[in-house]
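Each remark here refers to the structure printed beneath this line.
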Amino acid sequence: MKIYNTLSKQKEEFVPVEPGKVKMYVCGPTVYNLIHIGNARPMIVFDTVRRYFEYRGYDVNYVSNFTDIDDKIIAKAQEEGVGTSELTARYIAECKTDMAAMNVRPATAHPLATEEVQGMLDMIGKLVEQGNAYRASDGTVYYRTASFPEYGKLSHRNVHDQLSALRDGGMATGAALAWAEAAVAVAVQTSADAGSAGANAIGEGAAADAGGAVDVGGAVDVGGFGAGFDAGADADDDAGGPGAGDGGPGVGHGADDAAGGAGENGTASKEAPQDLSHKLRPIKVEGEEKEEPGDFVLWKPKKDGEPYWESPWCQGRPGWHIECSVMAKKYLGDEIDIHAGGEDLIFPHHENEIAQSEAANHVPFARYWMHNAFLNINGTKMSKSEGNFFTVRDIAGMYDLQVLRLFMLSAHYRSPVNFDEDAMKSAKQSLARIRTAMGRLVELDGKAGGAGASVAVGAGTDGAPGSGVASGSTGAAGSGEAGAPAAGTLARNAPGSNGAAGSGEAGAPAAGTLAGNAPGSNGAAGSVPDVGPGLTGDECKNLEKAAALVKKFEDAMDDDMNTADGLAALFEMVKLANSTADEGSSAGYIGKMKSTLETLCDVLGIIPYEAEVSLDSQVEEMIERRQAARKAKDFKLADQIRDELAGMGIALEDTKDGVKWKRK
């Protein structure tokens, strides 16, 4: 399995810190409003990454935080006349509702910044003691970037050299705005020279290290200098450049591979960064006591009416960047496998996390850094002022959120994706193809005497890695044994195991099952032998084709989580099922095709059934009791049960093939 590592700017073979385990941290939202569809992309993308690791047999510890204290939260709480804790509790609940609707599974842990302040105080204290941080006269604690020689390694800029031209200067009032105006002028010219690829930023997709990029938040990345003019960010520490407080000149991360297409590296230039400092005016923001413009806030003094905590430096609250360093350490350890988020977080947030964590813990922070590209709306940046800003709840009023999930996975996560009506209509049609095929297989399975579909595939229903049971799949009648692959179930091998039960070959698919290979293995598709009595020769050949498509799916996902190509393999499987399964097919063949599709959908987090097809045990039991009453000619009881079902919104239809039902 290979993953593109932002740190090295290339695909690397995935080798975990601890064999068989994945420690993964994904930056979560700041909870002061409903989440928007830009937030939804990393949630869906990295939920899928997690699912695939689990499918491959890894034990995944997946941590994603909620930032529940910052300037935007405080301002919104004051605007509504409520406390910050009341506001954030409300929007955390709303966020979890939207995540569930998108079939994003809950993280192993969802830590809150306000509950981890003591850990932040401890880490800041250590950094001060070591000389990596210092206190200003007002109690602000800054990180001393000069103390960390590797600062800039994630965003691939020699920050210390490029900031040297900015250490002196006379600009004060209005400095941040002047800097932003100058930076935009340089960004536009630089982008015109390098060429724009029409992504979420000026110059995005152009040669790496050459294009200037205007980030979603508004911060301008210009050949190594960020003007932190971000109206939506904390002025003192969220922006990538000079703000009202601490934001020093930021570092442009460019778009080294965003335009390269699914799974490709694009045409990123590997040339040395261009020094554009001579095009920008030097700056020093009035009222700051920073040693260097790039030093950033670890602790800030309280303002009137704001929540605060006691500290050795002043009554105040933590800066934004320190929270993720502390929460990753507490819940995952000093060194983790994967740190992920949107590409707008590369600088300054993730760069600053590295500086904090590696200085404090004295080990590499994360082995792999994964970043998803931006989301555009009708070809332009999403913006409230442009009238093209959509929350996930807005989209839920127009589409099943499974359509949104399928749309997000239709492009490689490192490629910009454009949200528009045509794309969503196409995703809706694609989801309908999957569900129509699955509905047909369920019906055929029932007629052939199979188990049918008795549990909806959805958030929180997954079998544990290694259980051998695909989420929502009942497998063949009588299988029932945890960990033993049954006909119609998924065989997930434990790390380092010798293949699925009964296969006889390491990493090779078991008889008729979808084999999850051991981490790092490359199990061949192989042949699919007879899974039981009644299979025809043609069915065996078709199961071999299915195994080859499973291998195609795995190859796509092993290549930097290429969900676009993975979906292509899934739809080939849908076509195979539609063209080969019919009323003359054996129960074993139908069950195998159904469970294989269920499993591939589950890896991608796609729910393959319409809600009314997802039977629940209570309704099934009531229908069985009604049928028994009718057989016993107790029509009064049968009618009573029918009325009870009607009150539950269940409509029954008695047909020659048995009772069918649907939700009203």
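Scheme for the structure tokens: letters A, B, ... for chains in order shown; per-chain residue numbers from 1; ligand numbers from 1 in order shown.
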Checklist entry - What lies within 10 Å of Leu570 in chain A using only C-alpha atoms, ignoring chain neighbours under 5 positions off, as a list in words? => result Ile434, Ala546, Leu549, Val550, Lys552, Phe553, Ala564, Asp565, Lys575, Leu576, Thr596, Leu597, Leu600, Cys601 and Leu604 of chain A
Item to check | Spatial neighbours of Leu406 in chain A, max dist 9 Å, only C-alpha atoms, sep filter under 2 positions, as a ChimeraX atom specification | outcome: /A:401-404,408-410,424,427-428,430-431,567,604-606
Checklist entry - What is the distance between CA of Arg41 in chain A and CA of Asn372 in chain A, in Å to one decimal? => result 7.7 Å
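With only C-alpha atoms as the atoms that count, the residue of A:Ala359, A:Val60, A:Gly152, A:Gln640 with the shortest distance to Gly131 in chain A is A:Ala359.
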Checklist outcome for this item: With distances taken over only C-alpha atoms, the candidate from A:Glu79, A:Asp634, A:Glu620, A:Asp558 nearest Tyr55 in chain A is A:Asp558
Next on the checklist: Residues near Gly125 in chain A, anyone? I mean within 12 Å using only C-alpha atoms, not counting same-chain ones fewer than 3 positions away, as number ranges by chain.
Outcome noted: A: 118-122, 128-135, 141-143, 298-299, 311-313, 322, 356, 360
